[in-house]
$ cat target_0.pdb   # PDB, C-alpha atoms, pLDDT in the B column
ATOM      1  CA  MET A   1      58.614 -62.439   9.231  1.00 49.00           C
ATOM      2  CA  ALA A   2      57.862 -59.088   7.671  1.00 53.00           C
ATOM      3  CA  GLY A   3      61.246 -57.680   8.705  1.00 55.00           C
ATOM      4  CA  VAL A   4      63.267 -60.517   7.148  1.00 54.00           C
ATOM      5  CA  SER A   5      65.251 -59.576   4.096  1.00 55.00           C
ATOM      6  CA  HIS A   6      65.498 -62.094   1.261  1.00 54.00           C
ATOM      7  CA  ARG A   7      68.523 -60.524  -0.274  1.00 57.00           C
ATOM      8  CA  GLY A   8      70.405 -62.972  -2.514  1.00 59.00           C
ATOM      9  CA  ASP A   9      73.996 -61.917  -1.804  1.00 66.00           C
ATOM     10  CA  LEU A  10      76.079 -61.784   1.356  1.00 67.00           C
ATOM     11  CA  ALA A  11      77.811 -58.493   0.644  1.00 70.00           C
ATOM     12  CA  GLY A  12      76.318 -56.818   3.688  1.00 71.00           C
ATOM     13  CA  HIS A  13      76.922 -59.698   6.079  1.00 69.00           C
ATOM     14  CA  PRO A  14      78.995 -58.611   9.104  1.00 75.00           C
ATOM     15  CA  ASP A  15      81.267 -61.677   8.924  1.00 76.00           C
ATOM     16  CA  ILE A  16      81.918 -61.563   5.174  1.00 77.00           C
ATOM     17  CA  THR A  17      85.664 -60.919   5.543  1.00 80.00           C
ATOM     18  CA  GLU A  18      86.095 -63.812   7.947  1.00 80.00           C
ATOM     19  CA  MET A  19      84.032 -66.118   5.705  1.00 73.00           C
ATOM     20  CA  ARG A  20      86.101 -65.182   2.635  1.00 73.00           C
ATOM     21  CA  ASP A  21      89.366 -65.788   4.516  1.00 74.00           C
ATOM     22  CA  ARG A  22      88.161 -69.174   5.755  1.00 70.00           C
ATOM     23  CA  TYR A  23      86.946 -70.132   2.269  1.00 65.00           C
ATOM     24  CA  ALA A  24      90.311 -69.180   0.765  1.00 65.00           C
ATOM     25  CA  ARG A  25      92.185 -71.044   3.516  1.00 62.00           C
ATOM     26  CA  VAL A  26      90.145 -74.229   3.060  1.00 59.00           C
ATOM     27  CA  LEU A  27      90.300 -74.200  -0.721  1.00 59.00           C
ATOM     28  CA  GLY A  28      93.895 -72.968  -0.885  1.00 56.00           C
ATOM     29  CA  GLY A  29      95.351 -76.495  -0.718  1.00 49.00           C
ATOM     30  CA  ARG A  30      92.683 -78.091  -2.859  1.00 54.00           C
ATOM     31  CA  ASP A  31      94.905 -78.537  -5.882  1.00 56.00           C
ATOM     32  CA  VAL A  32      95.030 -82.186  -4.907  1.00 54.00           C
ATOM     33  CA  ALA A  33      91.266 -82.642  -4.599  1.00 65.00           C
ATOM     34  CA  LEU A  34      91.378 -85.070  -7.525  1.00 73.00           C
ATOM     35  CA  VAL A  35      93.974 -87.199  -5.696  1.00 83.00           C
ATOM     36  CA  ASP A  36      91.913 -87.644  -2.521  1.00 86.00           C
ATOM     37  CA  GLY A  37      89.501 -90.070  -4.208  1.00 89.00           C
ATOM     38  CA  PRO A  38      92.185 -92.308  -5.727  1.00 93.00           C
ATOM     39  CA  VAL A  39      94.061 -92.393  -2.409  1.00 93.00           C
ATOM     40  CA  PHE A  40      90.852 -93.541  -0.723  1.00 95.00           C
ATOM     41  CA  LEU A  41      90.272 -96.198  -3.396  1.00 96.00           C
ATOM     42  CA  VAL A  42      93.839 -97.507  -3.165  1.00 97.00           C
ATOM     43  CA  GLY A  43      93.467 -97.795   0.605  1.00 97.00           C
ATOM     44  CA  LEU A  44      90.167 -99.592   0.211  1.00 97.00           C
ATOM     45  CA  ALA A  45      91.668-101.935  -2.374  1.00 97.00           C
ATOM     46  CA  CYS A  46      94.629-102.638  -0.119  1.00 97.00           C
ATOM     47  CA  ALA A  47      92.286-103.514   2.739  1.00 97.00           C
ATOM     48  CA  VAL A  48      90.130-105.949   0.754  1.00 97.00           C
ATOM     49  CA  THR A  49      92.551-107.554  -1.738  1.00 96.00           C
ATOM     50  CA  PRO A  50      93.580-110.404   0.564  1.00 95.00           C
ATOM     51  CA  TRP A  51      90.038-111.713   0.228  1.00 95.00           C
ATOM     52  CA  ILE A  52      89.608-110.772  -3.440  1.00 94.00           C
ATOM     53  CA  VAL A  53      92.913-112.275  -4.574  1.00 92.00           C
ATOM     54  CA  HIS A  54      92.356-115.179  -2.139  1.00 90.00           C
ATOM     55  CA  PHE A  55      95.540-115.053  -0.134  1.00 93.00           C
ATOM     56  CA  ALA A  56      93.892-114.415   3.236  1.00 92.00           C
ATOM     57  CA  SER A  57      93.970-118.133   4.093  1.00 93.00           C
ATOM     58  CA  THR A  58      97.478-118.867   2.795  1.00 93.00           C
ATOM     59  CA  GLN A  59      99.078-115.633   4.068  1.00 94.00           C
ATOM     60  CA  PRO A  60      97.139-114.666   7.216  1.00 95.00           C
ATOM     61  CA  ALA A  61      99.856-112.349   8.551  1.00 96.00           C
ATOM     62  CA  LEU A  62     100.060-110.524   5.220  1.00 96.00           C
ATOM     63  CA  ALA A  63      96.264-110.333   5.016  1.00 96.00           C
ATOM     64  CA  THR A  64      96.122-108.655   8.429  1.00 97.00           C
ATOM     65  CA  HIS A  65      99.006-106.393   7.416  1.00 97.00           C
ATOM     66  CA  ASN A  66      97.256-105.314   4.211  1.00 97.00           C
ATOM     67  CA  LEU A  67      93.998-104.712   6.084  1.00 97.00           C
ATOM     68  CA  ILE A  68      95.755-102.434   8.585  1.00 97.00           C
ATOM     69  CA  MET A  69      97.734-100.623   5.885  1.00 98.00           C
ATOM     70  CA  GLY A  70      94.575-100.159   3.820  1.00 98.00           C
ATOM     71  CA  ILE A  71      92.715 -98.691   6.770  1.00 98.00           C
ATOM     72  CA  ALA A  72      95.661 -96.362   7.454  1.00 96.00           C
ATOM     73  CA  ILE A  73      95.657 -95.156   3.825  1.00 96.00           C
ATOM     74  CA  VAL A  74      91.875 -94.624   3.952  1.00 96.00           C
ATOM     75  CA  VAL A  75      92.268 -92.580   7.149  1.00 94.00           C
ATOM     76  CA  LEU A  76      94.946 -90.452   5.445  1.00 92.00           C
ATOM     77  CA  ALA A  77      92.649 -89.930   2.446  1.00 91.00           C
ATOM     78  CA  LEU A  78      89.790 -88.858   4.699  1.00 91.00           C
ATOM     79  CA  GLY A  79      92.156 -86.544   6.543  1.00 88.00           C
ATOM     80  CA  PHE A  80      93.329 -85.040   3.248  1.00 84.00           C
ATOM     81  CA  THR A  81      89.697 -84.356   2.366  1.00 83.00           C
ATOM     82  CA  VAL A  82      88.490 -83.030   5.720  1.00 83.00           C
ATOM     83  CA  THR A  83      91.523 -81.005   6.889  1.00 81.00           C
ATOM     84  CA  PRO A  84      93.900 -80.640   3.953  1.00 76.00           C
ATOM     85  CA  GLU A  85      95.884 -77.777   5.481  1.00 74.00           C
ATOM     86  CA  ARG A  86      96.844 -80.038   8.398  1.00 79.00           C
ATOM     87  CA  MET A  87      97.121 -83.427   6.725  1.00 80.00           C
ATOM     88  CA  TYR A  88      99.118 -82.760   3.569  1.00 74.00           C
ATOM     89  CA  GLY A  89     102.186 -82.456   5.758  1.00 78.00           C
ATOM     90  CA  LEU A  90     101.825 -86.218   6.272  1.00 86.00           C
ATOM     91  CA  SER A  91     101.634 -87.005   2.560  1.00 86.00           C
ATOM     92  CA  TRP A  92     105.286 -88.088   2.589  1.00 89.00           C
ATOM     93  CA  ALA A  93     104.183 -90.958   4.832  1.00 92.00           C
ATOM     94  CA  MET A  94     102.251 -92.384   1.889  1.00 93.00           C
ATOM     95  CA  CYS A  95     105.518 -92.721  -0.029  1.00 95.00           C
ATOM     96  CA  ALA A  96     106.992 -94.749   2.817  1.00 96.00           C
ATOM     97  CA  MET A  97     103.813 -96.823   3.061  1.00 97.00           C
ATOM     98  CA  GLY A  98     103.932 -97.515  -0.682  1.00 97.00           C
ATOM     99  CA  ALA A  99     107.557 -98.660  -0.539  1.00 97.00           C
ATOM    100  CA  TRP A 100     106.741-100.851   2.466  1.00 97.00           C
ATOM    101  CA  LEU A 101     103.780-102.435   0.644  1.00 97.00           C
ATOM    102  CA  VAL A 102     106.096-103.474  -2.188  1.00 97.00           C
ATOM    103  CA  ILE A 103     108.543-105.321   0.084  1.00 97.00           C
ATOM    104  CA  ALA A 104     106.011-106.577   2.659  1.00 97.00           C
ATOM    105  CA  PRO A 105     105.254-109.933   0.948  1.00 96.00           C
ATOM    106  CA  TRP A 106     108.800-111.096   1.662  1.00 96.00           C
ATOM    107  CA  ILE A 107     109.082-109.594   5.147  1.00 96.00           C
ATOM    108  CA  VAL A 108     105.592-110.126   6.559  1.00 96.00           C
ATOM    109  CA  GLY A 109     104.502-113.031   4.386  1.00 92.00           C
ATOM    110  CA  SER A 110     105.995-116.450   3.889  1.00 91.00           C
ATOM    111  CA  ASN A 111     106.852-117.798   0.442  1.00 91.00           C
ATOM    112  CA  PRO A 112     104.579-115.388  -1.457  1.00 94.00           C
ATOM    113  CA  ASP A 113     103.307-116.452  -4.858  1.00 93.00           C
ATOM    114  CA  ALA A 114     103.185-114.252  -7.964  1.00 94.00           C
ATOM    115  CA  GLY A 115      99.627-113.033  -7.298  1.00 93.00           C
ATOM    116  CA  VAL A 116     100.527-111.779  -3.841  1.00 94.00           C
ATOM    117  CA  ILE A 117     103.709-110.120  -5.089  1.00 96.00           C
ATOM    118  CA  TRP A 118     101.989-108.402  -8.017  1.00 96.00           C
ATOM    119  CA  THR A 119      99.056-107.274  -5.889  1.00 96.00           C
ATOM    120  CA  ASN A 120     101.280-105.632  -3.307  1.00 97.00           C
ATOM    121  CA  ALA A 121     103.635-104.236  -5.955  1.00 97.00           C
ATOM    122  CA  VAL A 122     100.800-102.527  -7.831  1.00 98.00           C
ATOM    123  CA  LEU A 123      99.140-101.222  -4.673  1.00 98.00           C
ATOM    124  CA  GLY A 124     102.485-100.086  -3.269  1.00 98.00           C
ATOM    125  CA  GLY A 125     103.455 -98.393  -6.518  1.00 98.00           C
ATOM    126  CA  LEU A 126     100.138 -96.543  -6.700  1.00 97.00           C
ATOM    127  CA  THR A 127     100.416 -95.502  -3.068  1.00 97.00           C
ATOM    128  CA  PHE A 128     103.971 -94.269  -3.615  1.00 97.00           C
ATOM    129  CA  VAL A 129     103.061 -92.263  -6.736  1.00 96.00           C
ATOM    130  CA  LEU A 130      99.977 -90.724  -5.112  1.00 94.00           C
ATOM    131  CA  GLY A 131     102.103 -89.860  -2.090  1.00 93.00           C
ATOM    132  CA  LEU A 132     104.605 -88.094  -4.361  1.00 92.00           C
ATOM    133  CA  VAL A 133     101.805 -86.110  -6.019  1.00 89.00           C
ATOM    134  CA  CYS A 134     100.340 -85.085  -2.653  1.00 85.00           C
ATOM    135  CA  THR A 135     103.790 -84.161  -1.332  1.00 85.00           C
ATOM    136  CA  ALA A 136     104.638 -82.096  -4.418  1.00 83.00           C
ATOM    137  CA  VAL A 137     101.392 -80.144  -4.264  1.00 77.00           C
ATOM    138  CA  ALA A 138     101.675 -79.646  -0.503  1.00 75.00           C
ATOM    139  CA  MET A 139     105.186 -78.263  -0.947  1.00 78.00           C
ATOM    140  CA  ARG A 140     104.088 -76.000  -3.802  1.00 74.00           C
ATOM    141  CA  SER A 141     101.039 -74.625  -1.973  1.00 66.00           C
ATOM    142  CA  GLY A 142     103.061 -74.248   1.256  1.00 62.00           C
ATOM    143  CA  ARG A 143     105.641 -72.202  -0.599  1.00 54.00           C
ATOM    144  CA  GLY A 144     102.910 -69.993  -2.031  1.00 47.00           C
ATOM    145  CA  ARG A 145     101.370 -69.359   1.384  1.00 49.00           C
ATOM    146  CA  HIS A 146     104.700 -68.543   3.033  1.00 45.00           C
ATOM    147  CA  GLY A 147     105.808 -66.353   0.148  1.00 42.00           C
ATOM    148  CA  ALA A 148     102.597 -64.323   0.202  1.00 40.00           C
ATOM    149  CA  GLY A 149     102.664 -63.683   3.932  1.00 39.00           C
TER     150      GLY A 149
END
$ encode --input "target_0.pdb" --output "structure tokens"
Amino acid sequence: MAGVSHRGDLAGHPDITEMRDRYARVLGGRDVALVDGPVFLVGLACAVTPWIVHFASTQPALATHNLIMGIAIVVLALGFTVTPERMYGLSWAMCAMGAWLVIAPWIVGSNPDAGVIWTNAVLGGLTFVLGLVCTAVAMRSGRGRHGAG
């Protein structure tokens, strides 16, 4: 242990250039880091609202639909967090998912009541808006990367 240096910085590390490039690449698309959490929460809310709003028993097809859509949104949010440079290309899909959530009570459900309609409208609207934000930032950061290289 006598030959071990306890130097506090990494300036002399042989892989410093590669580490800096990787750090810049990973954090380059992190302008939307504050959107990842809300996307996750909207997906979670979408998955559990059939049981919170109590329409799982009256609208079983819509409850299953919302559970699957919620899980899909959560998976997108986790993908945005873990591999943003790969996943933000799919952020436009959230816009389509949000629009679908708004109209799903009439297509998937049967005779939806006001609570079901409002729940899906709010969740769909939030999903659509968050998808637009993610898409806008992905386009902006993609333009910056292509312009610099």
$ resolve_selection --input "target_0.pdb" --expression "the PyMOL selection byres ((chain A and resi 39) around 12)" --output "number ranges by chain"
A: 32-38, 40-46, 70-81, 91, 94-95, 98, 123-134
$ residues_around --input "target_0.pdb" --residues "A:Leu62" --least-positions-apart "6" --cutoff "7 Å" --atoms "all atoms listed in the file" --output "number ranges by chain"
A: 105, 108-109
$ resolve_selection --input "target_0.pdb" --expression "the PyMOL selection byres ((chain A and resi 102) around 6)" --output "PyMOL selection string"
chain A and resi 99-101+103-104+120-121+124
$ atom_distance --input "target_0.pdb" --atom1 "atom CA of A:Gly12" --atom2 "atom CA of A:Glu85"
28.7 Å
$ atom_distance --input "target_0.pdb" --atom1 "atom CA of A:Ile52" --atom2 "atom CA of A:Met69"
16.0 Å
$ atom_distance --input "target_0.pdb" --atom1 "atom CA of A:Thr119" --atom2 "atom CA of A:Leu90"
24.5 Å
$ resolve_selection --input "target_0.pdb" --expression "the PyMOL selection byres ((chain A and resi 63) around 10)" --output "number ranges by chain"
A: 46-51, 54-62, 64-69, 105, 108-109, 116
$ axis_aligned_box --input "target_0.pdb" --around "stretch 33-47 of chain A" --padding-each-side "8 Å" --output "lines of an AutoDock Vina configuration file"
center_x = 92.1
center_y = -93.1
center_z = -2.4
size_x = 21.1
size_y = 36.9
size_z = 26.3
$ decode --input "target_0.pdb" --residues "stretch 37-67 of chain A" --atoms "N, CA, C and O atoms" --output "compact mmCIF listing (two decimals), in the first residue's frame"
# COMPACT_ATOMS: atom_id res chain seq x y z
N GLY A 37 -38.84 12.60 -14.47
CA GLY A 37 -39.64 12.29 -13.27
C GLY A 37 -41.14 12.45 -13.52
O GLY A 37 -41.91 11.53 -13.21
N PRO A 38 -41.57 13.58 -14.04
CA PRO A 38 -43.00 13.72 -14.33
C PRO A 38 -43.52 12.70 -15.34
O PRO A 38 -44.65 12.23 -15.20
N VAL A 39 -42.73 12.33 -16.32
CA VAL A 39 -43.16 11.30 -17.28
C VAL A 39 -43.38 9.99 -16.53
O VAL A 39 -44.38 9.30 -16.72
N PHE A 40 -42.46 9.65 -15.64
CA PHE A 40 -42.59 8.44 -14.84
C PHE A 40 -43.86 8.50 -13.99
O PHE A 40 -44.62 7.53 -13.92
N LEU A 41 -44.10 9.63 -13.35
CA LEU A 41 -45.28 9.77 -12.48
C LEU A 41 -46.58 9.72 -13.27
O LEU A 41 -47.57 9.14 -12.79
N VAL A 42 -46.61 10.30 -14.45
CA VAL A 42 -47.81 10.22 -15.28
C VAL A 42 -48.07 8.78 -15.70
O VAL A 42 -49.21 8.31 -15.68
N GLY A 43 -47.02 8.06 -16.05
CA GLY A 43 -47.18 6.64 -16.40
C GLY A 43 -47.68 5.83 -15.22
O GLY A 43 -48.58 4.99 -15.36
N LEU A 44 -47.13 6.09 -14.06
CA LEU A 44 -47.57 5.40 -12.86
C LEU A 44 -49.03 5.72 -12.54
O LEU A 44 -49.82 4.82 -12.23
N ALA A 45 -49.39 6.99 -12.66
CA ALA A 45 -50.78 7.39 -12.43
C ALA A 45 -51.71 6.73 -13.43
O ALA A 45 -52.80 6.25 -13.06
N CYS A 46 -51.30 6.67 -14.67
CA CYS A 46 -52.13 6.04 -15.70
C CYS A 46 -52.35 4.57 -15.39
O CYS A 46 -53.45 4.04 -15.59
N ALA A 47 -51.33 3.91 -14.87
CA ALA A 47 -51.43 2.49 -14.57
C ALA A 47 -52.34 2.20 -13.39
O ALA A 47 -53.03 1.18 -13.37
N VAL A 48 -52.39 3.09 -12.41
CA VAL A 48 -53.15 2.80 -11.19
C VAL A 48 -54.50 3.51 -11.09
O VAL A 48 -55.32 3.14 -10.25
N THR A 49 -54.77 4.49 -11.94
CA THR A 49 -56.04 5.23 -11.81
C THR A 49 -57.30 4.39 -11.97
O THR A 49 -58.31 4.74 -11.35
N PRO A 50 -57.31 3.32 -12.75
CA PRO A 50 -58.55 2.55 -12.80
C PRO A 50 -58.99 2.05 -11.42
O PRO A 50 -60.19 1.94 -11.17
N TRP A 51 -58.05 1.80 -10.55
CA TRP A 51 -58.39 1.33 -9.21
C TRP A 51 -58.57 2.48 -8.24
O TRP A 51 -59.31 2.36 -7.27
N ILE A 52 -57.94 3.62 -8.50
CA ILE A 52 -58.10 4.79 -7.63
C ILE A 52 -59.43 5.49 -7.92
O ILE A 52 -60.14 5.89 -7.02
N VAL A 53 -59.75 5.64 -9.20
CA VAL A 53 -60.98 6.31 -9.60
C VAL A 53 -62.17 5.33 -9.59
O VAL A 53 -63.30 5.73 -9.75
N HIS A 54 -61.87 4.07 -9.38
CA HIS A 54 -62.89 3.01 -9.25
C HIS A 54 -63.67 2.76 -10.54
O HIS A 54 -64.88 2.67 -10.52
N PHE A 55 -62.94 2.65 -11.65
CA PHE A 55 -63.63 2.23 -12.86
C PHE A 55 -63.09 0.90 -13.38
O PHE A 55 -63.46 0.46 -14.46
N ALA A 56 -62.28 0.22 -12.57
CA ALA A 56 -61.74 -1.07 -12.98
C ALA A 56 -62.85 -2.12 -13.10
O ALA A 56 -62.79 -3.00 -13.96
N SER A 57 -63.87 -2.04 -12.26
CA SER A 57 -64.94 -3.04 -12.31
C SER A 57 -66.00 -2.72 -13.36
O SER A 57 -66.56 -3.62 -13.97
N THR A 58 -66.23 -1.43 -13.62
CA THR A 58 -67.24 -1.06 -14.61
C THR A 58 -66.68 -0.98 -16.03
O THR A 58 -67.43 -1.10 -16.99
N GLN A 59 -65.39 -0.75 -16.15
CA GLN A 59 -64.72 -0.64 -17.46
C GLN A 59 -63.48 -1.53 -17.47
O GLN A 59 -62.34 -1.05 -17.54
N PRO A 60 -63.65 -2.85 -17.43
CA PRO A 60 -62.46 -3.72 -17.33
C PRO A 60 -61.52 -3.62 -18.54
O PRO A 60 -60.30 -3.68 -18.38
N ALA A 61 -62.06 -3.44 -19.72
CA ALA A 61 -61.19 -3.32 -20.90
C ALA A 61 -60.37 -2.03 -20.82
O ALA A 61 -59.17 -2.02 -21.13
N LEU A 62 -60.99 -0.95 -20.39
CA LEU A 62 -60.29 0.32 -20.27
C LEU A 62 -59.28 0.28 -19.12
O LEU A 62 -58.21 0.87 -19.21
N ALA A 63 -59.61 -0.44 -18.06
CA ALA A 63 -58.66 -0.59 -16.95
C ALA A 63 -57.41 -1.32 -17.41
O ALA A 63 -56.28 -0.90 -17.11
N THR A 64 -57.58 -2.39 -18.15
CA THR A 64 -56.43 -3.12 -18.69
C THR A 64 -55.64 -2.25 -19.65
O THR A 64 -54.41 -2.22 -19.64
N HIS A 65 -56.36 -1.52 -20.49
CA HIS A 65 -55.74 -0.59 -21.45
C HIS A 65 -54.88 0.44 -20.71
O HIS A 65 -53.73 0.67 -21.07
N ASN A 66 -55.45 1.07 -19.68
CA ASN A 66 -54.71 2.09 -18.95
C ASN A 66 -53.51 1.50 -18.22
O ASN A 66 -52.46 2.14 -18.13
N LEU A 67 -53.64 0.29 -17.71
CA LEU A 67 -52.52 -0.37 -17.06
C LEU A 67 -51.38 -0.58 -18.06
O LEU A 67 -50.22 -0.26 -17.78
